[in-house]
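> Dumping the structure here so I can ask a few things about it.
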Amino acid sequence: MTKVTCLNPIAKVGLERFGAGYQLDAPLEEAQLALVRSADMHAMTAPAGLLAVARAGAGVNNIPLDALAKQGTVVFNTPGANANGVKELVLAGMLLAARDVVGGVEWVRANQADPDIAKDTEKAKKQFAGGEILGKRLGIIGLGHIGVKVANAALALGMEVWAYTLPEGNGTIPGLAQEVHLLDGPEEIYESCDYITLHLPLNDATRQMINGAVFAKMKPGTVLLNFSRDKLVDDEALAQAMEQGIVRRYVSDFPNPAVVHLPGALVIPHLGASTEESEDNCACMAVDQLKAFLEEGTLRNAVNYPDCTLGAKTAGPRLCVLGENLEEEQLLAPWKVLARAAAQKGERCCLLADLETEPTPQQLEQLAAQPGVLRVRLI
């Protein structure tokens with residue numbers, strides 16, 4: 001029986017995909033597989049027997065990737081599973097920033113007891129007037145699953161779309177409409193776009209990338225949308241830019257003490273992926289990836305190890321070896337190999353091999369003791 005722990009509530013439709021042979025209520029210290037959404041795993045102690053973690057979502061900054069990799073624990077995420085839910089909220093954020101709908105709704109609620117509210121509305125509504133997004137220029141920084149969907153949807157709404165993707169995203173961008181203007185850098189976005197939306201991972205290269213120097217390049221009245229991670233933006237510089245009128249609206253999905261009080265900030269309580277459809281999609285994808293890894297050794301959408309697959313499991317024994325800078329031929333020398341697959345990502349490696357005969361426990365112990373080997377499984 002494979003023990004599974006859920007560190008956050010996970011959609012039932014996903015958990016049902018485990019089927020027989022899986023215990024779904026195990027504590028973390030006994031688990032072989034873990035499912036997580038927002039729980040902070042940096043504050044937890046992962047057991048040595050934990051084979052894999054699946055994040056039901058794209059961001060993995062709440063997971064200690066390197067520490068888990070060093071003990072041979074694979075981390076998966078679910079890129080694209082919640083992309084449509086986030087895309088729709090980004091579009092809503094642009095519309096709410098264009099017109100003071102929120103302020104208007106609050107005015108109506110505050111005046112709900114007024115018997116002349118219909119007449120008074122005609123006098124009050126001018127203070128909530130705004131503009132339209134039709135014909136405005138939208139700049140997108142980051143063209144992953146969400147960025148591409150936002151770009152295509154904005155085109156359909158009549159916006160002019162300019163986009164820049166990080167260097168590792170260069171090349172063909174699947175699904176991106178040809179009408180999107182692709183740029184070699186973000187400078188033209190900063191300087192000329194009416195709306196700028198961020199769709200980037202948070203790492204050392206992107207942390208506070210939207211800072212005072214960047215705000216100084218923006219034209220007055222820019223709307224900045226952040227549905228990726230709040231730390232992409234320098235909060236102190238943002239406050240200054242809003243006070244100076246450079247940023248008219250900041251729409252963020254990440255409440256924090258530095259931004260929630262800013263006039264002109266529209267802060268949403270992290271609802272980007274909070275739709276039934278997104279939660280179901282993420283749960284199903286995460287569970288499928290854990291099962292494929294456990295039952296076949298397949299690594300798909302791995303974050304701290306390379307993706308690797310040898311296809312469907314055959315009747316014979318299959319080795320799954322995880323480690324750093326592995327010597328493939330040396331490791332497999334004791335056996336006749338029927339099929340193999342290997343992949344490397346930085347120093348991290350995965351080696352899968354279908355063998356003619358099953359290794360003995362002593363051979364597996366010897367294999368696990370080889371330099372660079374972090375985990376050995378016989379499937």
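Order determines the names: the first chain of the structure tokens is A, the second B, and so forth; residues in each chain are numbered 1 upward, and ligands are numbered 1 upward as they are shown.
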For segment 290-293 of chain A, list every protein, DNA or RNA residue within 8 Å, evaluated using only C-alpha atoms, and leave out those in the same chain fewer than 6 positions away; present the list as a list in words.
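My reading of the contact set: Phe18, Leu33, Ala52, Val53, Ala54 and Leu299 of chain A.
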> Could you check the closest approach to Glu276 of chain A for each of A:Ala81, A:Cys6, A:Ile379, A:Ala43 and tell me which residue wins, using only C-alpha atoms?
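Looking at the shortest contact to Glu276 of chain A, the residue is A:Ala81.
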> Got a sec: who's within 12 Å of Glu179 of chain A, counting only C-alpha atoms, leaving out chain neighbours fewer than 6 positions off, as a list in words?
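Result of the neighbour search: Val148, Ala151, Asn152, Ala153, Ala154, Leu155, Ala156, Gly158, Met159, Glu160, Val161, Trp162 and Ala163 of chain A.
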> Export, as an mmCIF file, in the first residue's frame, the selected residues with all heavy atoms.

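The resulting selection29.cif:
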data_model
loop_
_atom_site.group_PDB
_atom_site.id
_atom_site.type_symbol
_atom_site.label_atom_id
_atom_site.label_comp_id
_atom_site.auth_asym_id
_atom_site.auth_seq_id
_atom_site.Cartn_x
_atom_site.Cartn_y
_atom_site.Cartn_z
ATOM 1 N N VAL A 148 0.444 33.416 -22.795
ATOM 2 C CA VAL A 148 -0.059 33.186 -24.157
ATOM 3 C C VAL A 148 -1.575 33.342 -24.194
ATOM 4 O O VAL A 148 -2.130 33.968 -25.110
ATOM 5 C CB VAL A 148 0.368 31.791 -24.660
ATOM 6 C CG1 VAL A 148 -0.389 31.418 -25.932
ATOM 7 C CG2 VAL A 148 1.865 31.757 -24.917
ATOM 8 N N ALA A 151 -2.488 36.998 -23.946
ATOM 9 C CA ALA A 151 -2.181 37.690 -25.200
ATOM 10 C C ALA A 151 -3.286 37.473 -26.228
ATOM 11 O O ALA A 151 -3.780 38.426 -26.850
ATOM 12 C CB ALA A 151 -0.835 37.207 -25.745
ATOM 13 N N ASN A 152 -3.663 36.230 -26.421
ATOM 14 C CA ASN A 152 -4.675 35.914 -27.439
ATOM 15 C C ASN A 152 -6.033 36.510 -27.076
ATOM 16 O O ASN A 152 -6.756 37.023 -27.941
ATOM 17 C CB ASN A 152 -4.784 34.406 -27.613
ATOM 18 C CG ASN A 152 -3.513 33.794 -28.188
ATOM 19 O OD1 ASN A 152 -2.668 34.492 -28.741
ATOM 20 N ND2 ASN A 152 -3.368 32.495 -28.047
ATOM 21 N N ALA A 153 -6.389 36.460 -25.791
ATOM 22 C CA ALA A 153 -7.674 37.007 -25.361
ATOM 23 C C ALA A 153 -7.699 38.526 -25.519
ATOM 24 O O ALA A 153 -8.716 39.108 -25.910
ATOM 25 C CB ALA A 153 -7.956 36.613 -23.917
ATOM 26 N N ALA A 154 -6.577 39.178 -25.189
ATOM 27 C CA ALA A 154 -6.514 40.633 -25.317
ATOM 28 C C ALA A 154 -6.640 41.064 -26.775
ATOM 29 O O ALA A 154 -7.277 42.083 -27.081
ATOM 30 C CB ALA A 154 -5.217 41.155 -24.711
ATOM 31 N N LEU A 155 -6.050 40.305 -27.671
ATOM 32 C CA LEU A 155 -6.218 40.601 -29.102
ATOM 33 C C LEU A 155 -7.688 40.529 -29.499
ATOM 34 O O LEU A 155 -8.191 41.390 -30.229
ATOM 35 C CB LEU A 155 -5.409 39.609 -29.941
ATOM 36 C CG LEU A 155 -3.900 39.793 -29.993
ATOM 37 C CD1 LEU A 155 -3.260 38.619 -30.714
ATOM 38 C CD2 LEU A 155 -3.523 41.096 -30.703
ATOM 39 N N ALA A 156 -8.365 39.506 -29.004
ATOM 40 C CA ALA A 156 -9.783 39.338 -29.330
ATOM 41 C C ALA A 156 -10.629 40.491 -28.791
ATOM 42 O O ALA A 156 -11.698 40.780 -29.338
ATOM 43 C CB ALA A 156 -10.292 38.008 -28.775
ATOM 44 N N GLY A 158 -9.612 43.534 -28.835
ATOM 45 C CA GLY A 158 -9.259 44.727 -29.585
ATOM 46 C C GLY A 158 -8.059 45.483 -29.074
ATOM 47 O O GLY A 158 -7.836 46.637 -29.460
ATOM 48 N N MET A 159 -7.261 44.861 -28.227
ATOM 49 C CA MET A 159 -6.054 45.526 -27.727
ATOM 50 C C MET A 159 -4.882 45.272 -28.657
ATOM 51 O O MET A 159 -4.873 44.311 -29.440
ATOM 52 C CB MET A 159 -5.709 45.032 -26.318
ATOM 53 C CG MET A 159 -6.808 45.236 -25.291
ATOM 54 S SD MET A 159 -6.284 44.813 -23.601
ATOM 55 C CE MET A 159 -5.366 46.292 -23.157
ATOM 56 N N GLU A 160 -3.895 46.136 -28.581
ATOM 57 C CA GLU A 160 -2.631 45.939 -29.283
ATOM 58 C C GLU A 160 -1.686 45.264 -28.291
ATOM 59 O O GLU A 160 -1.489 45.780 -27.189
ATOM 60 C CB GLU A 160 -2.072 47.288 -29.734
ATOM 61 C CG GLU A 160 -0.792 47.203 -30.527
ATOM 62 C CD GLU A 160 -0.280 48.579 -30.917
ATOM 63 O OE1 GLU A 160 -1.093 49.533 -30.937
ATOM 64 O OE2 GLU A 160 0.939 48.698 -31.173
ATOM 65 N N VAL A 161 -1.124 44.135 -28.655
ATOM 66 C CA VAL A 161 -0.378 43.328 -27.686
ATOM 67 C C VAL A 161 1.095 43.252 -28.055
ATOM 68 O O VAL A 161 1.457 42.851 -29.161
ATOM 69 C CB VAL A 161 -0.965 41.902 -27.581
ATOM 70 C CG1 VAL A 161 -0.182 41.084 -26.552
ATOM 71 C CG2 VAL A 161 -2.441 41.959 -27.193
ATOM 72 N N TRP A 162 1.923 43.658 -27.098
ATOM 73 C CA TRP A 162 3.379 43.537 -27.206
ATOM 74 C C TRP A 162 3.835 42.582 -26.102
ATOM 75 O O TRP A 162 3.301 42.606 -24.999
ATOM 76 C CB TRP A 162 4.043 44.899 -27.026
ATOM 77 C CG TRP A 162 3.685 45.867 -28.119
ATOM 78 C CD1 TRP A 162 2.485 46.488 -28.298
ATOM 79 C CD2 TRP A 162 4.529 46.304 -29.180
ATOM 80 N NE1 TRP A 162 2.526 47.292 -29.402
ATOM 81 C CE2 TRP A 162 3.773 47.206 -29.968
ATOM 82 C CE3 TRP A 162 5.846 46.042 -29.546
ATOM 83 C CZ2 TRP A 162 4.293 47.828 -31.094
ATOM 84 C CZ3 TRP A 162 6.371 46.663 -30.661
ATOM 85 C CH2 TRP A 162 5.605 47.544 -31.427
ATOM 86 N N ALA A 163 4.824 41.751 -26.399
ATOM 87 C CA ALA A 163 5.205 40.734 -25.421
ATOM 88 C C ALA A 163 6.692 40.450 -25.471
ATOM 89 O O ALA A 163 7.342 40.555 -26.520
ATOM 90 C CB ALA A 163 4.425 39.445 -25.663
#
> Pick from A:Leu225, A:Ile10, A:Ala56, A:Leu182: nearest to Leu96 of chain A, with only C-alpha atoms counted?
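Among the listed residues, A:Leu225 lies closest to Leu96 of chain A.
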> Would you mind listing what lies within 9 Å of Cys282 of chain A as a list in words, with only C-alpha atoms counted and same-chain residues fewer than 2 positions away left out?
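Contacts, in chain order: Ile10, Ala11, Gly14, Arg55, Ala56, Gly57, Ala58, Asn77, Thr78, Pro79, Gly80, Ala81, Asn82, Glu277, Ser278, Glu279, Asp280, Cys284, Met285, Ala286 and Val287 of chain A.
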> Give me every strand (DSSP E or B) residue in segment 38-258 of chain A, going by DSSP on the backbone, as a PyMOL selection string.
chain A and resi 52-55+74-76+137-141+160-164+181-182+195-198+210+222-226+233+247-252
> So, counting only C-alpha atoms, which residue among A:Asp235, A:Glu329, A:Glu16, A:Glu324 is closest to Leu374 of chain A?
A:Glu324
